[in-house]
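J.: Below is the structure I would like to discuss, written out as structure tokens.
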Amino acid sequence: MHWVQYSDLHIDVPKDLAKPASTISDEPDIYKRLSILVKGHDKSVLDSYEYFAMLAAKQLGISVKVHEPPKKIERFSLLKSVHIFKKHGIQYEMRTLYRCLELEHVTGCTAKVYLEYIQRNLPDGVAMEVTKTQLEQLPEHITKPTWKTVPKETEESKS
């Protein structure tokens, strides 16, 4: 038997079950940047959600940069009366506040877990946009230098 610790609880697990049955690929997905834009109309709700997202990132060991893009104010006017009294109108405005959370150098499984957790706990009246920038290796036809593949005959005919 092999001891495995889950928080404060110890569980007996047979040694053959302690090894994962599935294999992990050698090259995991790595995101250079994960940008999360959160939109809402209430500043206190956005502040609370930002604090929640920061705590969740801290528990997973992810470094997060937060910045606040300028708010968008949309105004429109309506008349109180349909036909007359054009002097009597009402102006309405909608303020959309934004918060941008940027995570850098995150693996694919960590990003998936983090995004699922913060999306499930998204408060009412708040929208989220996620932009992922993934790191990939260059294809082999680009990494090989082209000057080594040029035949010598063409070089001699040019000179």
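Identifiers for the structure tokens are assigned positionally: chains receive A, B, ... in sequence, residues are indexed from 1 per chain, and ligands are indexed from 1 in the order shown.
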Show me, as an MDAnalysis selection string, the residues that have an atom within 10 Å of A:Ile73 when counting only C-alpha atoms, minus same-chain residues fewer than 3 positions from it.

T.: chainID A and resid 70 93:97

J.: Do you have, as a tab-separated table, the list of residues of stretch 32-121 of chain A lying at most 12 Å from stretch 135-140 of chain A, each with its nearest atom pair and that distance in Å to one decimal, counting only C-alpha atoms and ordered by chain then number?

T.:
residue	atom	partner	partner_atom	distance
A:Lys32	CA	A:Leu135	CA	5.8
A:Arg33	CA	A:Leu135	CA	9.0
A:Leu34	CA	A:Leu135	CA	11.3
A:Glu104	CA	A:Leu135	CA	11.2
A:His105	CA	A:Leu135	CA	9.1
A:Val106	CA	A:Leu135	CA	10.2
A:Thr107	CA	A:Leu135	CA	10.1
A:Gly108	CA	A:Leu135	CA	10.7

J.: Please return as a PyMOL selection string: the residues of stretch 56-103 of chain A that backbone DSSP assigns to strand (DSSP E).

T.: chain A and resi 64-67+72-79+89-103

J.: Would you put the residues from that selection into a file with C-alpha atoms, as a PDB file, in the first residue's frame?

T.:
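Now in again-v7.pdb:
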ATOM      1  CA  VAL A  64      -1.667  37.570 -13.266  1.00  0.00           C
ATOM      2  CA  LYS A  65      -1.449  41.164 -14.444  1.00  0.00           C
ATOM      3  CA  VAL A  66      -4.627  43.219 -14.139  1.00  0.00           C
ATOM      4  CA  HIS A  67      -5.314  46.474 -15.893  1.00  0.00           C
ATOM      5  CA  LYS A  72     -17.366  53.049 -22.514  1.00  0.00           C
ATOM      6  CA  ILE A  73     -20.245  55.467 -21.957  1.00  0.00           C
ATOM      7  CA  GLU A  74     -23.190  55.264 -24.338  1.00  0.00           C
ATOM      8  CA  ARG A  75     -25.805  58.043 -24.119  1.00  0.00           C
ATOM      9  CA  PHE A  76     -29.135  58.429 -25.850  1.00  0.00           C
ATOM     10  CA  SER A  77     -32.077  60.832 -25.509  1.00  0.00           C
ATOM     11  CA  LEU A  78     -35.808  60.141 -25.554  1.00  0.00           C
ATOM     12  CA  LEU A  79     -38.748  62.513 -25.638  1.00  0.00           C
ATOM     13  CA  GLY A  89     -36.809  64.858 -22.873  1.00  0.00           C
ATOM     14  CA  ILE A  90     -34.913  62.330 -20.815  1.00  0.00           C
ATOM     15  CA  GLN A  91     -31.319  61.292 -21.290  1.00  0.00           C
ATOM     16  CA  TYR A  92     -30.126  57.796 -20.463  1.00  0.00           C
ATOM     17  CA  GLU A  93     -26.604  56.505 -20.299  1.00  0.00           C
ATOM     18  CA  MET A  94     -25.103  53.022 -20.096  1.00  0.00           C
ATOM     19  CA  ARG A  95     -21.644  52.675 -18.615  1.00  0.00           C
ATOM     20  CA  THR A  96     -19.700  49.549 -19.529  1.00  0.00           C
ATOM     21  CA  LEU A  97     -16.693  48.902 -17.306  1.00  0.00           C
ATOM     22  CA  TYR A  98     -13.863  46.563 -18.271  1.00  0.00           C
ATOM     23  CA  ARG A  99     -11.178  44.557 -16.486  1.00  0.00           C
ATOM     24  CA  CYS A 100      -8.425  42.751 -18.322  1.00  0.00           C
ATOM     25  CA  LEU A 101      -6.606  39.841 -16.680  1.00  0.00           C
ATOM     26  CA  GLU A 102      -3.460  38.685 -18.454  1.00  0.00           C
ATOM     27  CA  LEU A 103      -1.875  35.333 -17.652  1.00  0.00           C
TER      28      LEU A 103
END

J.: Hey, which of A:Thr143, A:Ser48, A:Asn121, A:Gln134 ends up closest to A:Pro28? Count only C-alpha atoms.

T.: A:Gln134

J.: When you draw a straight line from atom CA of A:Arg120 to atom CA of A:Ser63, how long is it in Å?

T.: 20.8 Å

J.: Can you measure atom CA of A:Gly61 to atom CA of A:Val113 for me? One decimal in Å is fine.

T.: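 Result for atom CA of A:Gly61 versus atom CA of A:Val113: 12.5 Å, one decimal.
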
J.: Hey, can you check how far atom CA of A:Leu37 sits from atom CA of A:Glu129?

T.: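 Atom-to-atom, atom CA of A:Leu37 to atom CA of A:Glu129, that is 5.0 Å.
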
J.: Which residues in stretch 42-90 of chain A does DSSP call helix (DSSP H, G or I)? List them as a list in words.

T.: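 The helix (DSSP H, G or I) residues within stretch 42-90 of chain A come out as Lys43, Ser44, Val45, Leu46, Asp47, Ser48, Tyr49, Glu50, Tyr51, Phe52, Ala53, Met54, Leu55, Ala56, Ala57, Lys58, Gln59 and Leu60 of chain A.
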
J.: With N, CA and C atoms retained, could you export that selection as a PDB file, in the first residue's frame?

T.:
ATOM      1  N   LYS A  43     -19.461  48.469 -10.823  1.00  0.00           N
ATOM      2  CA  LYS A  43     -18.053  48.472 -10.431  1.00  0.00           C
ATOM      3  C   LYS A  43     -17.781  47.537  -9.268  1.00  0.00           C
ATOM      4  N   SER A  44     -18.669  47.476  -8.300  1.00  0.00           N
ATOM      5  CA  SER A  44     -18.435  46.630  -7.130  1.00  0.00           C
ATOM      6  C   SER A  44     -18.440  45.145  -7.502  1.00  0.00           C
ATOM      7  N   VAL A  45     -19.290  44.746  -8.457  1.00  0.00           N
ATOM      8  CA  VAL A  45     -19.312  43.349  -8.906  1.00  0.00           C
ATOM      9  C   VAL A  45     -18.013  43.007  -9.630  1.00  0.00           C
ATOM     10  N   LEU A  46     -17.525  43.930 -10.468  1.00  0.00           N
ATOM     11  CA  LEU A  46     -16.267  43.685 -11.168  1.00  0.00           C
ATOM     12  C   LEU A  46     -15.086  43.625 -10.197  1.00  0.00           C
ATOM     13  N   ASP A  47     -15.088  44.481  -9.175  1.00  0.00           N
ATOM     14  CA  ASP A  47     -14.021  44.445  -8.169  1.00  0.00           C
ATOM     15  C   ASP A  47     -14.015  43.108  -7.440  1.00  0.00           C
ATOM     16  N   SER A  48     -15.194  42.645  -7.062  1.00  0.00           N
ATOM     17  CA  SER A  48     -15.316  41.376  -6.346  1.00  0.00           C
ATOM     18  C   SER A  48     -14.866  40.210  -7.232  1.00  0.00           C
ATOM     19  N   TYR A  49     -15.260  40.224  -8.500  1.00  0.00           N
ATOM     20  CA  TYR A  49     -14.895  39.136  -9.413  1.00  0.00           C
ATOM     21  C   TYR A  49     -13.397  39.152  -9.699  1.00  0.00           C
ATOM     22  N   GLU A  50     -12.814  40.340  -9.802  1.00  0.00           N
ATOM     23  CA  GLU A  50     -11.361  40.439 -10.005  1.00  0.00           C
ATOM     24  C   GLU A  50     -10.621  39.832  -8.812  1.00  0.00           C
ATOM     25  N   TYR A  51     -11.087  40.122  -7.599  1.00  0.00           N
ATOM     26  CA  TYR A  51     -10.470  39.562  -6.393  1.00  0.00           C
ATOM     27  C   TYR A  51     -10.583  38.035  -6.391  1.00  0.00           C
ATOM     28  N   PHE A  52     -11.754  37.528  -6.781  1.00  0.00           N
ATOM     29  CA  PHE A  52     -11.978  36.080  -6.854  1.00  0.00           C
ATOM     30  C   PHE A  52     -11.040  35.429  -7.866  1.00  0.00           C
ATOM     31  N   ALA A  53     -10.900  36.041  -9.055  1.00  0.00           N
ATOM     32  CA  ALA A  53     -10.044  35.485 -10.102  1.00  0.00           C
ATOM     33  C   ALA A  53      -8.578  35.522  -9.680  1.00  0.00           C
ATOM     34  N   MET A  54      -8.173  36.560  -8.956  1.00  0.00           N
ATOM     35  CA  MET A  54      -6.797  36.651  -8.471  1.00  0.00           C
ATOM     36  C   MET A  54      -6.505  35.564  -7.434  1.00  0.00           C
ATOM     37  N   LEU A  55      -7.460  35.314  -6.534  1.00  0.00           N
ATOM     38  CA  LEU A  55      -7.268  34.254  -5.529  1.00  0.00           C
ATOM     39  C   LEU A  55      -7.179  32.883  -6.186  1.00  0.00           C
ATOM     40  N   ALA A  56      -8.016  32.646  -7.187  1.00  0.00           N
ATOM     41  CA  ALA A  56      -7.984  31.366  -7.893  1.00  0.00           C
ATOM     42  C   ALA A  56      -6.654  31.183  -8.612  1.00  0.00           C
ATOM     43  N   ALA A  57      -6.134  32.239  -9.221  1.00  0.00           N
ATOM     44  CA  ALA A  57      -4.848  32.165  -9.915  1.00  0.00           C
ATOM     45  C   ALA A  57      -3.713  31.947  -8.920  1.00  0.00           C
ATOM     46  N   LYS A  58      -3.812  32.573  -7.770  1.00  0.00           N
ATOM     47  CA  LYS A  58      -2.775  32.409  -6.740  1.00  0.00           C
ATOM     48  C   LYS A  58      -2.726  30.966  -6.246  1.00  0.00           C
ATOM     49  N   GLN A  59      -3.892  30.332  -6.115  1.00  0.00           N
ATOM     50  CA  GLN A  59      -3.937  28.935  -5.662  1.00  0.00           C
ATOM     51  C   GLN A  59      -3.321  27.997  -6.690  1.00  0.00           C
ATOM     52  N   LEU A  60      -3.435  28.325  -7.974  1.00  0.00           N
ATOM     53  CA  LEU A  60      -2.855  27.494  -9.030  1.00  0.00           C
ATOM     54  C   LEU A  60      -1.418  27.875  -9.354  1.00  0.00           C
TER      55      LEU A  60
END
